[in-house]
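Asker: Quick one, target.txt (compact mmCIF, C-alpha atoms and all ligand atoms):
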```
# COMPACT_ATOMS: atom_id res chain seq x y z
CA MET A 1 3.13 3.64 12.60
CA LEU A 2 2.09 3.18 8.96
CA GLN A 3 3.66 5.77 6.70
CA PHE A 4 1.62 7.17 3.80
CA ASP A 5 3.28 9.50 1.31
CA VAL A 6 1.06 10.81 -1.46
CA VAL A 7 2.37 12.31 -4.69
CA THR A 8 -0.22 14.77 -5.98
CA ILE A 9 -0.51 18.19 -7.57
CA PHE A 10 -3.48 18.79 -5.20
CA PRO A 11 -2.04 18.18 -1.70
CA ALA A 12 -4.83 20.18 -0.01
CA MET A 13 -7.40 17.55 -1.04
CA PHE A 14 -5.86 15.21 1.54
CA ASP A 15 -6.66 17.52 4.46
CA ALA A 16 -10.23 16.18 4.20
CA VAL A 17 -9.30 12.56 4.88
CA ALA A 18 -6.79 13.37 7.61
CA GLU A 19 -9.16 15.58 9.60
CA ALA A 20 -12.53 13.81 9.62
CA GLY A 21 -13.93 11.03 11.81
CA VAL A 22 -12.14 7.84 12.83
CA ILE A 23 -9.41 8.35 10.24
CA GLY A 24 -8.62 11.82 11.59
CA ARG A 25 -8.57 10.49 15.16
CA ALA A 26 -6.22 7.66 14.14
CA ARG A 27 -3.75 10.23 12.87
CA ASP A 28 -3.99 12.21 16.14
CA LYS A 29 -3.30 8.93 17.97
CA GLY A 30 -0.14 8.40 15.90
CA ILE A 31 -1.40 5.22 14.20
CA TYR A 32 -0.37 6.51 10.79
CA GLN A 33 1.31 9.52 9.24
CA LEU A 34 0.33 11.14 5.96
CA ILE A 35 2.64 13.44 3.98
CA ALA A 36 1.85 14.95 0.58
CA TRP A 37 4.47 15.64 -2.09
CA ASN A 38 3.77 18.03 -4.96
CA PRO A 39 5.56 17.16 -8.24
CA ARG A 40 5.53 20.90 -9.00
CA ASP A 41 8.16 21.30 -6.29
CA PHE A 42 10.37 18.94 -8.33
CA ALA A 43 9.79 20.59 -11.71
CA GLN A 44 12.75 21.92 -13.62
CA ASN A 45 11.51 25.16 -15.18
CA ALA A 46 10.36 28.49 -13.75
CA TYR A 47 6.74 27.72 -14.60
CA ARG A 48 6.95 24.53 -12.53
CA THR A 49 5.51 22.56 -15.43
CA VAL A 50 4.43 18.99 -14.65
CA ASP A 51 2.48 18.17 -17.83
CA ASP A 52 3.17 18.22 -21.55
CA ARG A 53 1.57 17.23 -24.88
CA PRO A 54 1.42 13.56 -25.80
CA TYR A 55 3.91 12.19 -28.33
CA GLY A 56 1.92 10.86 -31.29
CA GLY A 57 -0.66 13.59 -30.89
CA GLY A 58 -4.18 13.46 -29.53
CA PRO A 59 -6.19 15.33 -26.94
CA GLY A 60 -5.19 16.19 -23.38
CA MET A 61 -1.90 16.31 -21.57
CA VAL A 62 0.43 13.73 -20.02
CA MET A 63 2.16 14.00 -16.65
CA MET A 64 5.91 14.34 -17.20
CA ALA A 65 8.14 11.52 -15.95
CA GLU A 66 10.82 13.59 -14.25
CA PRO A 67 8.92 15.72 -11.69
CA LEU A 68 6.76 12.75 -10.76
CA SER A 69 9.68 10.32 -10.41
CA ARG A 70 11.68 12.77 -8.35
CA ALA A 71 8.72 13.28 -6.00
CA VAL A 72 8.36 9.49 -5.59
CA VAL A 73 12.08 9.14 -4.83
CA ALA A 74 11.86 11.92 -2.21
CA ALA A 75 8.84 10.24 -0.63
CA LYS A 76 10.65 6.87 -0.49
CA GLN A 77 13.71 8.52 1.06
CA ARG A 78 11.57 10.14 3.74
CA GLN A 79 10.00 6.77 4.55
CA GLN A 80 13.44 5.15 4.89
CA SER A 81 14.43 7.94 7.32
CA ALA A 82 11.25 7.19 9.28
CA GLY A 83 12.41 3.57 9.62
CA VAL A 84 10.50 1.94 6.76
CA ARG A 85 12.56 -0.95 5.36
CA LYS A 86 10.58 -1.48 2.15
CA SER A 87 8.20 1.14 0.74
CA ARG A 88 5.50 -0.06 -1.63
CA VAL A 89 4.76 2.41 -4.44
CA ILE A 90 1.20 2.27 -5.73
CA HIS A 91 -0.05 4.12 -8.79
CA LEU A 92 -3.80 4.80 -8.71
CA THR A 93 -4.92 4.31 -12.30
CA PRO A 94 -7.98 3.09 -14.23
CA GLN A 95 -5.66 0.36 -15.67
CA GLY A 96 -4.88 -1.08 -12.21
CA ARG A 97 -6.16 -4.23 -10.55
CA LEU A 98 -9.53 -3.73 -8.92
CA LEU A 99 -9.55 -2.81 -5.22
CA ASN A 100 -11.34 -5.22 -2.90
CA HIS A 101 -11.17 -6.30 0.73
CA GLN A 102 -8.37 -8.79 0.06
CA VAL A 103 -6.18 -6.11 -1.55
CA VAL A 104 -6.89 -3.78 1.39
CA MET A 105 -5.72 -6.44 3.88
CA GLU A 106 -2.59 -7.09 1.83
CA LEU A 107 -1.70 -3.37 1.94
CA ALA A 108 -2.67 -2.87 5.60
CA VAL A 109 0.33 -5.01 6.72
CA GLN A 110 2.90 -2.84 4.91
CA GLN A 111 5.17 -0.39 6.76
CA GLY A 112 5.15 2.34 4.14
CA LEU A 113 2.96 3.13 1.13
CA VAL A 114 3.73 5.76 -1.49
CA LEU A 115 0.55 6.60 -3.39
CA VAL A 116 0.89 8.22 -6.81
CA ALA A 117 -2.21 10.15 -7.89
CA GLY A 118 -2.20 11.24 -11.52
CA ARG A 119 -4.10 13.97 -13.32
CA TYR A 120 -4.66 14.71 -17.02
CA GLU A 121 -4.88 11.83 -19.51
CA GLY A 122 -2.29 9.81 -17.68
CA VAL A 123 1.31 9.47 -16.58
CA ASP A 124 4.38 9.07 -18.82
CA GLU A 125 4.86 5.28 -19.10
CA ARG A 126 8.53 5.58 -18.07
CA VAL A 127 7.50 6.35 -14.47
CA THR A 128 6.68 2.61 -14.31
CA ARG A 129 10.25 2.01 -13.09
CA GLU A 130 9.26 3.56 -9.74
CA ILE A 131 5.92 1.73 -9.43
CA ASP A 132 5.34 -1.60 -7.64
CA ASP A 133 1.60 -1.90 -8.05
CA GLU A 134 -1.32 -0.36 -9.97
CA ILE A 135 -4.78 -0.11 -8.42
CA SER A 136 -8.18 1.04 -9.69
CA ILE A 137 -11.16 1.61 -7.39
CA GLY A 138 -13.81 0.67 -9.97
CA ASP A 139 -15.04 0.90 -13.53
CA TYR A 140 -16.05 4.54 -13.66
CA VAL A 141 -14.07 7.63 -14.57
CA LEU A 142 -12.67 9.99 -11.92
CA SER A 143 -11.00 13.31 -12.68
CA GLY A 144 -7.77 12.13 -11.11
CA GLY A 145 -6.20 9.62 -8.75
CA GLU A 146 -6.60 11.69 -5.56
CA LEU A 147 -10.05 10.47 -4.57
CA ALA A 148 -8.95 6.90 -5.31
CA ALA A 149 -5.90 7.39 -3.05
CA MET A 150 -8.19 8.70 -0.29
CA VAL A 151 -10.49 5.69 -0.67
CA LEU A 152 -7.45 3.47 -0.29
CA ILE A 153 -6.17 5.37 2.77
CA ASP A 154 -9.61 5.24 4.39
CA CYS A 155 -10.10 1.50 4.02
CA ILE A 156 -6.52 0.64 5.01
CA VAL A 157 -6.48 2.86 8.13
CA ARG A 158 -9.72 1.43 9.51
CA GLN A 159 -8.08 -2.02 9.46
CA LEU A 160 -5.13 -0.89 11.61
CA PRO A 161 -5.07 -2.00 15.26
CA GLY A 162 -6.59 0.57 17.63
CA VAL A 163 -8.55 2.53 15.02
CA LEU A 164 -12.00 1.04 15.54
CA GLY A 165 -13.54 0.25 18.92
CA ASP A 166 -14.98 -3.20 19.70
CA ALA A 167 -18.47 -1.98 18.79
CA ASP A 168 -17.82 -1.46 15.10
CA SER A 169 -14.79 -3.71 14.90
CA ALA A 170 -13.59 -4.26 11.34
CA VAL A 171 -14.03 -8.00 11.88
CA GLN A 172 -17.80 -7.49 11.83
CA ASP A 173 -17.77 -5.60 8.56
CA SER A 174 -19.69 -6.65 5.53
CA PHE A 175 -17.35 -8.22 2.91
CA VAL A 176 -15.41 -9.84 5.73
CA ASN A 177 -18.13 -12.46 6.10
CA GLY A 178 -18.95 -12.12 2.41
CA LEU A 179 -22.51 -10.84 2.95
CA LEU A 180 -24.19 -7.46 2.78
CA ASP A 181 -25.28 -5.94 6.07
CA CYS A 182 -28.74 -6.45 7.63
CA PRO A 183 -31.19 -3.51 8.03
CA HIS A 184 -30.76 -1.23 11.06
CA TYR A 185 -33.34 0.65 13.17
CA THR A 186 -33.25 3.12 16.03
CA ARG A 187 -35.93 5.10 17.91
CA PRO A 188 -38.77 5.88 17.48
CA GLU A 189 -40.62 2.55 17.24
CA THR A 190 -42.94 3.99 14.59
CA TYR A 191 -41.63 6.47 12.05
CA ASP A 192 -43.94 7.89 9.39
CA GLY A 193 -46.28 4.91 9.87
CA GLN A 194 -43.42 2.37 9.51
CA LYS A 195 -42.85 -0.01 12.44
CA VAL A 196 -39.59 -1.53 13.63
CA PRO A 197 -39.65 -5.32 13.05
CA GLN A 198 -41.15 -6.92 16.20
CA VAL A 199 -38.27 -9.36 16.70
CA LEU A 200 -35.84 -6.48 17.35
CA LEU A 201 -37.99 -5.38 20.31
CA SER A 202 -38.30 -8.93 21.71
CA GLY A 203 -35.05 -8.99 23.69
CA ASN A 204 -34.48 -12.56 22.44
CA HIS A 205 -30.90 -12.32 21.18
CA ALA A 206 -30.87 -15.75 19.53
CA ASP A 207 -33.96 -14.78 17.49
CA ILE A 208 -32.49 -11.37 16.72
CA GLY A 209 -29.23 -12.96 15.54
CA ARG A 210 -31.12 -15.36 13.26
CA TRP A 211 -33.31 -12.55 11.86
CA ARG A 212 -30.25 -10.40 11.09
CA LEU A 213 -28.46 -13.27 9.37
CA LYS A 214 -31.61 -14.07 7.36
CA GLN A 215 -31.89 -10.43 6.23
CA ALA A 216 -28.20 -10.30 5.35
CA LEU A 217 -28.52 -13.48 3.27
CA GLY A 218 -31.74 -12.27 1.62
CA ARG A 219 -30.39 -8.86 0.70
CA THR A 220 -27.19 -10.34 -0.65
CA TRP A 221 -29.27 -12.77 -2.76
CA GLN A 222 -31.41 -9.88 -4.05
CA ARG A 223 -28.74 -7.26 -4.65
CA ARG A 224 -25.38 -9.04 -4.98
CA PRO A 225 -25.90 -12.62 -6.15
CA ASP A 226 -22.25 -12.59 -7.27
CA LEU A 227 -21.19 -12.47 -3.59
CA LEU A 228 -23.33 -15.52 -2.75
CA GLU A 229 -21.82 -17.50 -5.62
CA LYS A 230 -18.36 -16.95 -4.12
CA ARG A 231 -19.44 -18.04 -0.64
CA VAL A 232 -20.27 -21.47 0.75
CA LEU A 233 -23.54 -21.44 2.74
CA SER A 234 -23.95 -23.65 5.81
CA ALA A 235 -27.08 -25.82 6.08
CA ASP A 236 -28.45 -23.30 8.57
CA GLU A 237 -27.79 -20.37 6.24
CA ARG A 238 -29.44 -22.17 3.30
CA LYS A 239 -32.52 -22.74 5.46
CA LEU A 240 -32.64 -19.05 6.49
CA LEU A 241 -32.32 -17.94 2.87
CA GLU A 242 -35.19 -20.27 1.87
CA GLU A 243 -37.30 -18.75 4.67
CA PHE A 244 -36.47 -15.27 3.34
CA LYS A 245 -37.61 -16.25 -0.17
CA GLN A 246 -40.82 -17.83 1.24
CA GLU A 247 -41.63 -14.69 3.24
CA LEU A 248 -40.97 -12.57 0.17
CA SER A 249 -43.42 -14.57 -1.92
CA GLY A 250 -46.05 -13.74 0.71
CA VAL A 251 -46.46 -17.03 2.60
C1 LIG A 301 -9.69 8.39 -22.30
C2 LIG A 301 -9.17 7.34 -21.43
N1 LIG A 301 -9.37 7.62 -20.00
C3 LIG A 301 -9.03 6.34 -19.28
C4 LIG A 301 -10.25 5.66 -18.77
C5 LIG A 301 -8.48 8.68 -19.55
C6 LIG A 301 -8.46 8.91 -18.09
C7 LIG A 301 -9.60 9.20 -17.40
C8 LIG A 301 -9.56 9.47 -16.03
C9 LIG A 301 -7.25 8.87 -17.42
C10 LIG A 301 -7.22 9.15 -16.05
C11 LIG A 301 -8.36 9.44 -15.39
C12 LIG A 301 -8.32 9.77 -13.94
N2 LIG A 301 -8.61 8.62 -13.10
C13 LIG A 301 -7.74 8.13 -12.25
O1 LIG A 301 -6.65 8.65 -12.13
C14 LIG A 301 -8.09 6.96 -11.47
C15 LIG A 301 -9.26 6.16 -11.45
C16 LIG A 301 -10.49 6.23 -12.16
O2 LIG A 301 -10.75 7.11 -12.99
N3 LIG A 301 -11.43 5.27 -11.91
C17 LIG A 301 -11.24 4.28 -11.01
N4 LIG A 301 -10.11 4.16 -10.34
C18 LIG A 301 -9.15 5.10 -10.55
S1 LIG A 301 -7.67 5.11 -9.80
C19 LIG A 301 -7.16 6.46 -10.58
```
How does the structure come out when it is put into structure tokens?
Ligand code: 9D3
Answerer:
Amino acid sequence: MLQFDVVTIFPAMFDAVAEAGVIGRARDKGIYQLIAWNPRDFAQNAYRTVDDRPYGGGPGMVMMAEPLSRAVVAAKQRQQSAGVRKSRVIHLTPQGRLLNHQVVMELAVQQGLVLVAGRYEGVDERVTREIDDEISIGDYVLSGGELAAMVLIDCIVRQLPGVLGDADSAVQDSFVNGLLDCPHYTRPETYDGQKVPQVLLSGNHADIGRWRLKQALGRTWQRRPDLLEKRVLSADERKLLEEFKQELSGV
């Protein structure tokens, strides 16, 4: 069982991820455990203060080192008691390395992850001693690390054995084969004057497979050319992509 411990001043936010859909079911099945730790419970004064003004001046507040560090230590200790040999402590921060599928797979093989979600302008730099890794989920500004931690939990848990059925197996996911997904259709055959592509009604699974691959290649070429540059195309795939471009130009 993968152990997640999250350090956050908003523990209730994590009820959302642990209750909904496949990720909620995985927790019921005992595939992972998620515990939240509130730095306020480790604060030293009666006001349970966890933030203070920045040395050097400037706007905003900084998360204090002591309550945060003590919460991380408590989380690590709990993981050891649960049988985790080596916890990995990850700070979600805009300064971290960018999350991608490869990073997710690297984290999905760990026994225990302690996720540190910050608020305010940032975390006192001296908490670094407790941190193994820093991760950002993209170049846009969130109000805190909690949503980033939930993104991380979601994409790690769906990689764990027994979470997804064969049907939507993680092996079939986009980004695993380096392409965007093909378009999908369900009933009715005509919706608002728009027809389902004929090939999908043909029952010819070889043709359907080729059509889907062609669409996946074409959409990746149109929307995410950076993904195509990173991926070697087979002769067959190059031919399908050329066909896609031909069809687009109205031949
Ligand atoms: C003024 C400088 N800002 C840094 C870009 C301050 C700041 C903004 C937002 C500091 C922290 C935050 C809160 N964001 C996160 O904690 C965070 C985050 C994000 O904002 N974007 C992408 N990934 C992440 S992971 C954690």
Asker: Around ligand LIG 301 (chain A), out to 12 Å and counting only C-alpha atoms and all ligand atoms, which residues are there? I want them as JSON, numbers by chain.
Answerer: {"A": [8, 58, 59, 60, 61, 62, 63, 90, 91, 92, 93, 94, 95, 96, 97, 98, 99, 115, 116, 117, 118, 119, 120, 121, 122, 123, 124, 133, 134, 135, 136, 137, 138, 139, 140, 141, 142, 143, 144, 145, 146, 147, 148, 149, 150, 151, 152]}
Asker: Using atom CA of Met1 of chain A and atom CA of Tyr32 of chain A as the two end points, give the distance in Å to one decimal.
Answerer: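 Distance between the two atoms: 4.9 Å.
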Asker: For each of A:Arg88, A:His205, A:Lys245, A:Arg224, take the minimum atom-to-atom distance to Val72 of chain A, counting all atoms listed in the file, then give the residue where this is smallest.
Answerer: A:Arg88
Asker: To one decimal in Å, tell me the separation between atom CA of Asn100 of chain A and atom CA of Ser234 of chain A.
Answerer: 24.0 Å
Asker: So which residues touch Met64 of chain A within 12 Å, counting all atoms listed in the file, skipping near sequence neighbours fewer than 6 positions away, as a PyMOL selection string?
Answerer: chain A and resi 39-40+42-44+48-55+70-71+118-127
Asker: Could those selected residues go to a file with C-alpha atoms, as a PDB file, in the coordinates of the input?
Answerer:
```pdb
ATOM      1  CA  PRO A  39       5.560  17.160  -8.240  1.00  0.00           C
ATOM      2  CA  ARG A  40       5.530  20.900  -9.000  1.00  0.00           C
ATOM      3  CA  PHE A  42      10.370  18.940  -8.330  1.00  0.00           C
ATOM      4  CA  ALA A  43       9.790  20.590 -11.710  1.00  0.00           C
ATOM      5  CA  GLN A  44      12.750  21.920 -13.620  1.00  0.00           C
ATOM      6  CA  ARG A  48       6.950  24.530 -12.530  1.00  0.00           C
ATOM      7  CA  THR A  49       5.510  22.560 -15.430  1.00  0.00           C
ATOM      8  CA  VAL A  50       4.430  18.990 -14.650  1.00  0.00           C
ATOM      9  CA  ASP A  51       2.480  18.170 -17.830  1.00  0.00           C
ATOM     10  CA  ASP A  52       3.170  18.220 -21.550  1.00  0.00           C
ATOM     11  CA  ARG A  53       1.570  17.230 -24.880  1.00  0.00           C
ATOM     12  CA  PRO A  54       1.420  13.560 -25.800  1.00  0.00           C
ATOM     13  CA  TYR A  55       3.910  12.190 -28.330  1.00  0.00           C
ATOM     14  CA  ARG A  70      11.680  12.770  -8.350  1.00  0.00           C
ATOM     15  CA  ALA A  71       8.720  13.280  -6.000  1.00  0.00           C
ATOM     16  CA  GLY A 118      -2.200  11.240 -11.520  1.00  0.00           C
ATOM     17  CA  ARG A 119      -4.100  13.970 -13.320  1.00  0.00           C
ATOM     18  CA  TYR A 120      -4.660  14.710 -17.020  1.00  0.00           C
ATOM     19  CA  GLU A 121      -4.880  11.830 -19.510  1.00  0.00           C
ATOM     20  CA  GLY A 122      -2.290   9.810 -17.680  1.00  0.00           C
ATOM     21  CA  VAL A 123       1.310   9.470 -16.580  1.00  0.00           C
ATOM     22  CA  ASP A 124       4.380   9.070 -18.820  1.00  0.00           C
ATOM     23  CA  GLU A 125       4.860   5.280 -19.100  1.00  0.00           C
ATOM     24  CA  ARG A 126       8.530   5.580 -18.070  1.00  0.00           C
ATOM     25  CA  VAL A 127       7.500   6.350 -14.470  1.00  0.00           C
TER      26      VAL A 127
END
```
Asker: Quote the spacing between atom CA of Lys239 of chain A and atom CA of Gln102 of chain A in Å to one decimal place.
Answerer: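 Computing the Euclidean distance for atom CA of Lys239 of chain A and atom CA of Gln102 of chain A yields 28.4 Å.
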Asker: Could you check which residues have any atom within 12 Å of (9.8, 7.6, 9.0), counting only C-alpha atoms with coordinates taken straight from the file, and then list them as a PDB file with C-alpha atoms, keeping the file's coordinate frame?
Answerer:
```
ATOM      1  CA  MET A   1       3.130   3.640  12.600  1.00  0.00           C
ATOM      2  CA  LEU A   2       2.090   3.180   8.960  1.00  0.00           C
ATOM      3  CA  GLN A   3       3.660   5.770   6.700  1.00  0.00           C
ATOM      4  CA  PHE A   4       1.620   7.170   3.800  1.00  0.00           C
ATOM      5  CA  ASP A   5       3.280   9.500   1.310  1.00  0.00           C
ATOM      6  CA  TYR A  32      -0.370   6.510  10.790  1.00  0.00           C
ATOM      7  CA  GLN A  33       1.310   9.520   9.240  1.00  0.00           C
ATOM      8  CA  LEU A  34       0.330  11.140   5.960  1.00  0.00           C
ATOM      9  CA  ILE A  35       2.640  13.440   3.980  1.00  0.00           C
ATOM     10  CA  ALA A  75       8.840  10.240  -0.630  1.00  0.00           C
ATOM     11  CA  LYS A  76      10.650   6.870  -0.490  1.00  0.00           C
ATOM     12  CA  GLN A  77      13.710   8.520   1.060  1.00  0.00           C
ATOM     13  CA  ARG A  78      11.570  10.140   3.740  1.00  0.00           C
ATOM     14  CA  GLN A  79      10.000   6.770   4.550  1.00  0.00           C
ATOM     15  CA  GLN A  80      13.440   5.150   4.890  1.00  0.00           C
ATOM     16  CA  SER A  81      14.430   7.940   7.320  1.00  0.00           C
ATOM     17  CA  ALA A  82      11.250   7.190   9.280  1.00  0.00           C
ATOM     18  CA  GLY A  83      12.410   3.570   9.620  1.00  0.00           C
ATOM     19  CA  VAL A  84      10.500   1.940   6.760  1.00  0.00           C
ATOM     20  CA  ARG A  85      12.560  -0.950   5.360  1.00  0.00           C
ATOM     21  CA  LYS A  86      10.580  -1.480   2.150  1.00  0.00           C
ATOM     22  CA  SER A  87       8.200   1.140   0.740  1.00  0.00           C
ATOM     23  CA  GLN A 111       5.170  -0.390   6.760  1.00  0.00           C
ATOM     24  CA  GLY A 112       5.150   2.340   4.140  1.00  0.00           C
ATOM     25  CA  LEU A 113       2.960   3.130   1.130  1.00  0.00           C
TER      26      LEU A 113
END
```
Asker: Tell me which of A:Phe244, A:Trp37, A:Phe14, A:Phe175 sits closest to Leu227 of chain A, counting all atoms listed in the file.
Answerer: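 Under the stated criterion, the closest residue is A:Phe175.
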Asker: Counting all atoms listed in the file, which of A:Gly24, A:Gly57, A:Pro225, A:Pro11 gets nearest to Asp41 of chain A?
Answerer: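 Once distances to Asp41 of chain A are computed over all atoms listed in the file, the minimum belongs to A:Pro11.
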Asker: Would you tabulate, counting all atoms listed in the file, all residues of segment 83-143 of chain A that have an atom at most 9 Å from an atom of segment 156-163 of chain A, showing the closest pair of atoms and their distance in Å to one decimal, sorted by chain then ascending number, as a Markdown table?
Answerer:
```
| residue | atom | partner | partner_atom | distance |
| --- | --- | --- | --- | --- |
| A:Val104 | CA | A:Ile156 | CA | 5.7 |
| A:Met105 | CA | A:Ile156 | CA | 7.2 |
| A:Leu107 | CA | A:Ile156 | CA | 7.0 |
| A:Ala108 | CA | A:Ile156 | CA | 5.2 |
| A:Val109 | CA | A:Leu160 | CA | 8.4 |
```
